[in-house]
2 protein chains.
Amino acid sequence: MTFEFDPIGVIRTPYTDSAPYQPIADDEGDFRIALDARFAAGLSELDAFRYIYVLYVIDRVAEKPSMTVPIHWAGDKAVGVFASRSPVRPNPIGLSIVQIRQVVGNEIVTSGLDVFDGTPVLDIKPYIDELDAKPDAGFGWLGDLDDREHLLLHIKGVPHPY
Amino acid sequence: MTFEFDPIGVIRTPYTDSAPYQPIADDEGDFRIALDARFAAGLSELDAFRYIYVLYVIDRVAEKPSMTVPIHWAGDKAVGVFASRSPVRPNPIGLSIVQIRQVVGNEIVTSGLDVFDGTPVLDIKPYIDELDAKPDAGFGWLGDLDDREHLLLHIKGVPHPY
């Protein structure tokens with residue numbers, strides 16, 4: 001069985017040739033989610049929230065997914081694709097959490113978003129404390145790695161030279 | 001432009017006729033995500049995480065989405081559909097966070113999941129501390145409502161008689 005989804009708009013970012021692995025909250029530049037005009041009323045009250053989930057189509061990945069993913073910055077440790085946030089997955093649906101800066105008409109101005117300019121967006125959901133914030137989450141297999149500081153740069157997608 | 005996605009498996013829950021609005025962590029019963037056998041290797045290392053995101057198709061909703069949603073337990077306050085977690089949305093993609101109890105072969109045994117039995121699953125992603133836990137998220141428009149205790153029951157999807 002196949003399900004079809006039509007994007008509700010596109011994501012605008014400064015990234016045309018390369019994009020970070022995770023959202024960089026304080027990245028410079030213009031980040032906005034531009035919904036089709038007919039969805040503008042669906043944004044009512046959204047600016048009362050601090051964060052949103054953005055669901056989008058990872059449409060610039062041509063690679064075929066495989067069941068295990070080598071983590072390059074962890075000595076090529078192989079983990080299952082569903083235990084990773086790799087963009088190369090059976091269903092290329094991306095999920096990012098970003099801060100809302102402003103809602104103007106049919107557009108949401110956001111903090112840094114880790115996607116290419118023109119990425120099709122499927123859904124926006126409010127991120128709600130208690131429901132979504134899990135302070136006891138831990139780091140899974142990432143927590144077993146040495147060098148936690150370095151690890152956190154990768155988790156947060158912060159570019160760094162080593 | 002339309003994008004097509006094929007489910008990677010189905011979600012098994014005790015809910016055949018009605019389901020809660022949000023995951024109920026300690027609900028009794030058997031909750032599991034059964035992936036197609038060919039995806040079993042994709043679960044390697046997943047059990048090192050405490051929580052996962054489950055992305056699924058909300059396939060039992062026939063209602064047509066509208067841009068504003070009346071919140072019945074908040075005096076029918078109308079909010080934009082993208083400022084709500086309503087299951088009736090332009091792209092009926094559901095997102096739930098659940099605890100992993102056990103991974104056995106191609107199945108993930110989880111805490112309570114707020115979906116009907118047989119719901120098609122699209123993706124599983126690990127929930128990672130620092131990246132996904134936002135302790136400063138707040139409650140958006142929900143925070144403006146009176147009766148916070150009552151509100152939290154709704155946020156958490158806990159059934160209650162008042």
# chains A, B, ... in the order shown; residues from 1 in each chain; ligands from 1
$ interface_residues --of "chain A" --to "chain B" --cutoff "7 Å" --atoms "only C-alpha atoms" --output "VMD selection string"
chain A and resid 1 to 6 39 41 to 46 48 to 51 67 to 68 79 to 85 91 122 to 129 131 133 to 135 137 to 141 155 to 156
$ write_last_selection --atoms "C-alpha atoms" --output "short mmCIF file (atom, residue, chain, number, x, y, z; two decimals), in the first residue's frame"
data_model
loop_
_atom_site.label_atom_id
_atom_site.label_comp_id
_atom_site.auth_asym_id
_atom_site.auth_seq_id
_atom_site.Cartn_x
_atom_site.Cartn_y
_atom_site.Cartn_z
CA MET A 1 0.00 0.00 0.00
CA THR A 2 1.33 3.42 -0.95
CA PHE A 3 0.37 6.76 0.59
CA GLU A 4 0.58 10.05 -1.27
CA PHE A 5 1.29 13.41 0.30
CA ASP A 6 1.26 16.85 -1.29
CA PHE A 39 -2.82 27.37 4.43
CA ALA A 41 -5.10 30.54 8.43
CA GLY A 42 -3.69 27.25 9.73
CA LEU A 43 -0.90 29.24 11.43
CA SER A 44 -3.26 31.10 13.77
CA GLU A 45 -1.97 31.02 17.39
CA LEU A 46 1.22 29.23 16.33
CA ALA A 48 2.41 31.46 21.04
CA PHE A 49 4.74 28.45 20.92
CA ARG A 50 8.50 28.66 21.17
CA TYR A 51 9.37 25.59 19.08
CA MET A 67 19.78 -1.08 6.80
CA THR A 68 22.98 -0.13 8.59
CA VAL A 79 24.18 1.27 13.61
CA GLY A 80 20.73 0.45 12.28
CA VAL A 81 19.23 3.15 10.07
CA PHE A 82 16.29 3.49 12.52
CA ALA A 83 18.79 4.02 15.35
CA SER A 84 20.24 6.94 13.38
CA ARG A 85 19.09 10.30 12.10
CA ASN A 91 11.00 6.84 3.78
CA LEU A 122 4.68 18.26 4.76
CA ASP A 123 3.52 19.37 8.19
CA ILE A 124 4.10 21.76 11.09
CA LYS A 125 3.24 20.73 14.65
CA PRO A 126 3.68 22.67 17.89
CA TYR A 127 6.32 21.34 20.27
CA ILE A 128 4.63 21.14 23.67
CA ASP A 129 6.38 20.91 27.03
CA LEU A 131 4.38 16.00 25.95
CA ALA A 133 10.36 17.33 26.33
CA LYS A 134 11.92 14.16 27.78
CA PRO A 135 14.70 15.22 30.12
CA ALA A 137 16.07 10.67 27.18
CA GLY A 138 19.80 10.00 27.27
CA PHE A 139 22.02 9.54 24.24
CA GLY A 140 21.63 5.87 23.30
CA TRP A 141 24.66 4.41 21.56
CA ILE A 155 24.70 15.95 17.73
CA LYS A 156 24.04 19.65 17.46
#
$ select_by_dssp --residues "stretch 81-120 of chain A" --states "strand (DSSP E)" --output "list in words"
Ile93, Gly94, Leu95, Ser96, Ile97, Val98, Gln99, Ile100, Arg101, Gln102, Val103, Val104, Glu107, Ile108, Val109, Thr110, Thr119 and Pro120 of chain A
$ residues_around --residues "B:Glu107" --least-positions-apart "5" --cutoff "7 Å" --atoms "only C-alpha atoms" --output "ChimeraX atom specification"
/B:32-35
$ atom_distance --atom1 "atom CA of A:Arg12" --atom2 "atom CA of A:Tyr56"
12.1 Å
$ closest_residue --among "A:Asp36, A:Glu28, A:Glu63, A:Asp76" --to "A:Thr110" --atoms "only C-alpha atoms"
A:Glu28
$ decode --residues "stretch 37-86 of chain B" --atoms "N, CA and C atoms" --output "PDB file, in the first residue's frame"
ATOM      1  N   ALA B  37       9.898  -7.806   7.721  1.00  0.00           N
ATOM      2  CA  ALA B  37      11.101  -8.545   8.107  1.00  0.00           C
ATOM      3  C   ALA B  37      12.364  -7.971   7.463  1.00  0.00           C
ATOM      4  N   ARG B  38      12.231  -7.454   6.239  1.00  0.00           N
ATOM      5  CA  ARG B  38      13.436  -6.956   5.548  1.00  0.00           C
ATOM      6  C   ARG B  38      14.044  -5.723   6.213  1.00  0.00           C
ATOM      7  N   PHE B  39      13.317  -5.105   7.149  1.00  0.00           N
ATOM      8  CA  PHE B  39      13.854  -3.920   7.828  1.00  0.00           C
ATOM      9  C   PHE B  39      14.440  -4.244   9.205  1.00  0.00           C
ATOM     10  N   ALA B  40      14.424  -5.520   9.587  1.00  0.00           N
ATOM     11  CA  ALA B  40      14.856  -5.899  10.943  1.00  0.00           C
ATOM     12  C   ALA B  40      16.259  -5.375  11.269  1.00  0.00           C
ATOM     13  N   ALA B  41      17.186  -5.471  10.334  1.00  0.00           N
ATOM     14  CA  ALA B  41      18.566  -5.050  10.608  1.00  0.00           C
ATOM     15  C   ALA B  41      18.655  -3.545  10.856  1.00  0.00           C
ATOM     16  N   GLY B  42      17.664  -2.802  10.425  1.00  0.00           N
ATOM     17  CA  GLY B  42      17.640  -1.357  10.649  1.00  0.00           C
ATOM     18  C   GLY B  42      17.415  -0.992  12.097  1.00  0.00           C
ATOM     19  N   LEU B  43      17.067  -1.984  12.927  1.00  0.00           N
ATOM     20  CA  LEU B  43      16.808  -1.726  14.353  1.00  0.00           C
ATOM     21  C   LEU B  43      18.041  -1.937  15.225  1.00  0.00           C
ATOM     22  N   SER B  44      19.142  -2.336  14.615  1.00  0.00           N
ATOM     23  CA  SER B  44      20.368  -2.581  15.377  1.00  0.00           C
ATOM     24  C   SER B  44      20.767  -1.355  16.200  1.00  0.00           C
ATOM     25  N   GLU B  45      21.045  -1.554  17.470  1.00  0.00           N
ATOM     26  CA  GLU B  45      21.477  -0.492  18.411  1.00  0.00           C
ATOM     27  C   GLU B  45      20.325   0.410  18.866  1.00  0.00           C
ATOM     28  N   LEU B  46      19.124   0.193  18.356  1.00  0.00           N
ATOM     29  CA  LEU B  46      18.020   1.078  18.745  1.00  0.00           C
ATOM     30  C   LEU B  46      17.693   0.941  20.229  1.00  0.00           C
ATOM     31  N   ASP B  47      17.863  -0.266  20.777  1.00  0.00           N
ATOM     32  CA  ASP B  47      17.471  -0.480  22.170  1.00  0.00           C
ATOM     33  C   ASP B  47      18.381   0.232  23.169  1.00  0.00           C
ATOM     34  N   ALA B  48      19.431   0.882  22.674  1.00  0.00           N
ATOM     35  CA  ALA B  48      20.268   1.710  23.563  1.00  0.00           C
ATOM     36  C   ALA B  48      19.572   3.031  23.895  1.00  0.00           C
ATOM     37  N   PHE B  49      18.556   3.375  23.124  1.00  0.00           N
ATOM     38  CA  PHE B  49      17.815   4.612  23.378  1.00  0.00           C
ATOM     39  C   PHE B  49      16.628   4.341  24.294  1.00  0.00           C
ATOM     40  N   ARG B  50      16.175   5.394  24.976  1.00  0.00           N
ATOM     41  CA  ARG B  50      15.031   5.241  25.858  1.00  0.00           C
ATOM     42  C   ARG B  50      13.719   5.557  25.112  1.00  0.00           C
ATOM     43  N   TYR B  51      13.770   6.549  24.241  1.00  0.00           N
ATOM     44  CA  TYR B  51      12.563   6.981  23.515  1.00  0.00           C
ATOM     45  C   TYR B  51      12.795   6.965  22.007  1.00  0.00           C
ATOM     46  N   ILE B  52      11.718   6.790  21.289  1.00  0.00           N
ATOM     47  CA  ILE B  52      11.772   6.939  19.833  1.00  0.00           C
ATOM     48  C   ILE B  52      10.642   7.845  19.358  1.00  0.00           C
ATOM     49  N   TYR B  53      10.880   8.472  18.218  1.00  0.00           N
ATOM     50  CA  TYR B  53       9.810   9.097  17.451  1.00  0.00           C
ATOM     51  C   TYR B  53       9.221   8.030  16.531  1.00  0.00           C
ATOM     52  N   VAL B  54       7.913   7.979  16.495  1.00  0.00           N
ATOM     53  CA  VAL B  54       7.232   7.099  15.551  1.00  0.00           C
ATOM     54  C   VAL B  54       6.454   7.987  14.588  1.00  0.00           C
ATOM     55  N   LEU B  55       6.726   7.854  13.316  1.00  0.00           N
ATOM     56  CA  LEU B  55       5.974   8.595  12.288  1.00  0.00           C
ATOM     57  C   LEU B  55       5.052   7.603  11.598  1.00  0.00           C
ATOM     58  N   TYR B  56       3.790   7.950  11.499  1.00  0.00           N
ATOM     59  CA  TYR B  56       2.821   7.000  10.949  1.00  0.00           C
ATOM     60  C   TYR B  56       1.756   7.727  10.140  1.00  0.00           C
ATOM     61  N   VAL B  57       0.986   6.950   9.410  1.00  0.00           N
ATOM     62  CA  VAL B  57      -0.112   7.521   8.629  1.00  0.00           C
ATOM     63  C   VAL B  57      -1.383   7.466   9.473  1.00  0.00           C
ATOM     64  N   ILE B  58      -2.020   8.616   9.639  1.00  0.00           N
ATOM     65  CA  ILE B  58      -3.295   8.662  10.357  1.00  0.00           C
ATOM     66  C   ILE B  58      -4.348   8.246   9.336  1.00  0.00           C
ATOM     67  N   ASP B  59      -4.539   6.938   9.202  1.00  0.00           N
ATOM     68  CA  ASP B  59      -5.319   6.431   8.064  1.00  0.00           C
ATOM     69  C   ASP B  59      -6.793   6.174   8.393  1.00  0.00           C
ATOM     70  N   ARG B  60      -7.205   6.429   9.650  1.00  0.00           N
ATOM     71  CA  ARG B  60      -8.599   6.148   9.996  1.00  0.00           C
ATOM     72  C   ARG B  60      -9.439   7.419  10.106  1.00  0.00           C
ATOM     73  N   VAL B  61      -8.852   8.540   9.714  1.00  0.00           N
ATOM     74  CA  VAL B  61      -9.600   9.801   9.763  1.00  0.00           C
ATOM     75  C   VAL B  61     -10.167  10.086   8.378  1.00  0.00           C
ATOM     76  N   ALA B  62     -11.486  10.235   8.298  1.00  0.00           N
ATOM     77  CA  ALA B  62     -12.128  10.496   7.005  1.00  0.00           C
ATOM     78  C   ALA B  62     -12.457  11.976   6.846  1.00  0.00           C
ATOM     79  N   GLU B  63     -12.550  12.675   7.980  1.00  0.00           N
ATOM     80  CA  GLU B  63     -12.917  14.085   7.988  1.00  0.00           C
ATOM     81  C   GLU B  63     -11.978  14.916   7.102  1.00  0.00           C
ATOM     82  N   LYS B  64     -12.538  15.916   6.441  1.00  0.00           N
ATOM     83  CA  LYS B  64     -11.707  16.805   5.635  1.00  0.00           C
ATOM     84  C   LYS B  64     -11.056  17.850   6.544  1.00  0.00           C
ATOM     85  N   PRO B  65      -9.769  18.126   6.359  1.00  0.00           N
ATOM     86  CA  PRO B  65      -9.129  19.105   7.246  1.00  0.00           C
ATOM     87  C   PRO B  65      -9.650  20.509   6.996  1.00  0.00           C
ATOM     88  N   SER B  66      -9.743  21.285   8.077  1.00  0.00           N
ATOM     89  CA  SER B  66     -10.026  22.710   7.887  1.00  0.00           C
ATOM     90  C   SER B  66      -8.903  23.483   8.559  1.00  0.00           C
ATOM     91  N   MET B  67      -8.779  24.743   8.225  1.00  0.00           N
ATOM     92  CA  MET B  67      -7.603  25.501   8.664  1.00  0.00           C
ATOM     93  C   MET B  67      -7.647  25.853  10.141  1.00  0.00           C
ATOM     94  N   THR B  68      -8.843  25.899  10.730  1.00  0.00           N
ATOM     95  CA  THR B  68      -8.892  26.123  12.178  1.00  0.00           C
ATOM     96  C   THR B  68      -9.609  24.968  12.850  1.00  0.00           C
ATOM     97  N   VAL B  69      -9.188  24.737  14.085  1.00  0.00           N
ATOM     98  CA  VAL B  69      -9.637  23.584  14.846  1.00  0.00           C
ATOM     99  C   VAL B  69     -10.247  24.094  16.142  1.00  0.00           C
ATOM    100  N   PRO B  70     -11.493  23.716  16.452  1.00  0.00           N
ATOM    101  CA  PRO B  70     -12.045  24.113  17.744  1.00  0.00           C
ATOM    102  C   PRO B  70     -11.551  23.159  18.828  1.00  0.00           C
ATOM    103  N   ILE B  71     -11.042  23.718  19.912  1.00  0.00           N
ATOM    104  CA  ILE B  71     -10.536  22.887  20.998  1.00  0.00           C
ATOM    105  C   ILE B  71     -11.667  22.726  22.014  1.00  0.00           C
ATOM    106  N   HIS B  72     -12.270  21.538  22.008  1.00  0.00           N
ATOM    107  CA  HIS B  72     -13.496  21.311  22.781  1.00  0.00           C
ATOM    108  C   HIS B  72     -13.275  21.484  24.280  1.00  0.00           C
ATOM    109  N   TRP B  73     -12.136  21.038  24.764  1.00  0.00           N
ATOM    110  CA  TRP B  73     -11.878  21.116  26.200  1.00  0.00           C
ATOM    111  C   TRP B  73     -11.321  22.479  26.587  1.00  0.00           C
ATOM    112  N   ALA B  74     -11.323  23.433  25.648  1.00  0.00           N
ATOM    113  CA  ALA B  74     -10.890  24.794  25.970  1.00  0.00           C
ATOM    114  C   ALA B  74     -11.948  25.773  25.474  1.00  0.00           C
ATOM    115  N   GLY B  75     -13.203  25.452  25.751  1.00  0.00           N
ATOM    116  CA  GLY B  75     -14.291  26.357  25.406  1.00  0.00           C
ATOM    117  C   GLY B  75     -14.426  26.597  23.913  1.00  0.00           C
ATOM    118  N   ASP B  76     -14.059  25.595  23.119  1.00  0.00           N
ATOM    119  CA  ASP B  76     -14.120  25.696  21.660  1.00  0.00           C
ATOM    120  C   ASP B  76     -13.280  26.845  21.096  1.00  0.00           C
ATOM    121  N   LYS B  77     -12.267  27.213  21.827  1.00  0.00           N
ATOM    122  CA  LYS B  77     -11.279  28.167  21.300  1.00  0.00           C
ATOM    123  C   LYS B  77     -10.797  27.652  19.937  1.00  0.00           C
ATOM    124  N   ALA B  78     -10.736  28.526  18.941  1.00  0.00           N
ATOM    125  CA  ALA B  78     -10.295  28.108  17.610  1.00  0.00           C
ATOM    126  C   ALA B  78      -8.817  28.420  17.418  1.00  0.00           C
ATOM    127  N   VAL B  79      -8.045  27.419  17.058  1.00  0.00           N
ATOM    128  CA  VAL B  79      -6.617  27.639  16.776  1.00  0.00           C
ATOM    129  C   VAL B  79      -6.311  27.080  15.385  1.00  0.00           C
ATOM    130  N   GLY B  80      -5.237  27.563  14.800  1.00  0.00           N
ATOM    131  CA  GLY B  80      -4.832  27.058  13.491  1.00  0.00           C
ATOM    132  C   GLY B  80      -4.474  25.576  13.574  1.00  0.00           C
ATOM    133  N   VAL B  81      -4.744  24.862  12.511  1.00  0.00           N
ATOM    134  CA  VAL B  81      -4.482  23.414  12.524  1.00  0.00           C
ATOM    135  C   VAL B  81      -3.002  23.124  12.776  1.00  0.00           C
ATOM    136  N   PHE B  82      -2.108  24.019  12.312  1.00  0.00           N
ATOM    137  CA  PHE B  82      -0.669  23.795  12.526  1.00  0.00           C
ATOM    138  C   PHE B  82      -0.217  24.239  13.922  1.00  0.00           C
ATOM    139  N   ALA B  83      -1.111  24.880  14.665  1.00  0.00           N
ATOM    140  CA  ALA B  83      -0.865  25.196  16.076  1.00  0.00           C
ATOM    141  C   ALA B  83      -1.546  24.160  16.956  1.00  0.00           C
ATOM    142  N   SER B  84      -1.974  23.055  16.370  1.00  0.00           N
ATOM    143  CA  SER B  84      -2.656  21.986  17.105  1.00  0.00           C
ATOM    144  C   SER B  84      -2.032  20.644  16.755  1.00  0.00           C
ATOM    145  N   ARG B  85      -2.362  19.646  17.576  1.00  0.00           N
ATOM    146  CA  ARG B  85      -1.919  18.291  17.250  1.00  0.00           C
ATOM    147  C   ARG B  85      -3.107  17.480  16.738  1.00  0.00           C
ATOM    148  N   SER B  86      -4.110  18.165  16.244  1.00  0.00           N
ATOM    149  CA  SER B  86      -5.282  17.480  15.696  1.00  0.00           C
ATOM    150  C   SER B  86      -4.883  16.430  14.659  1.00  0.00           C
TER     151      SER B  86
END
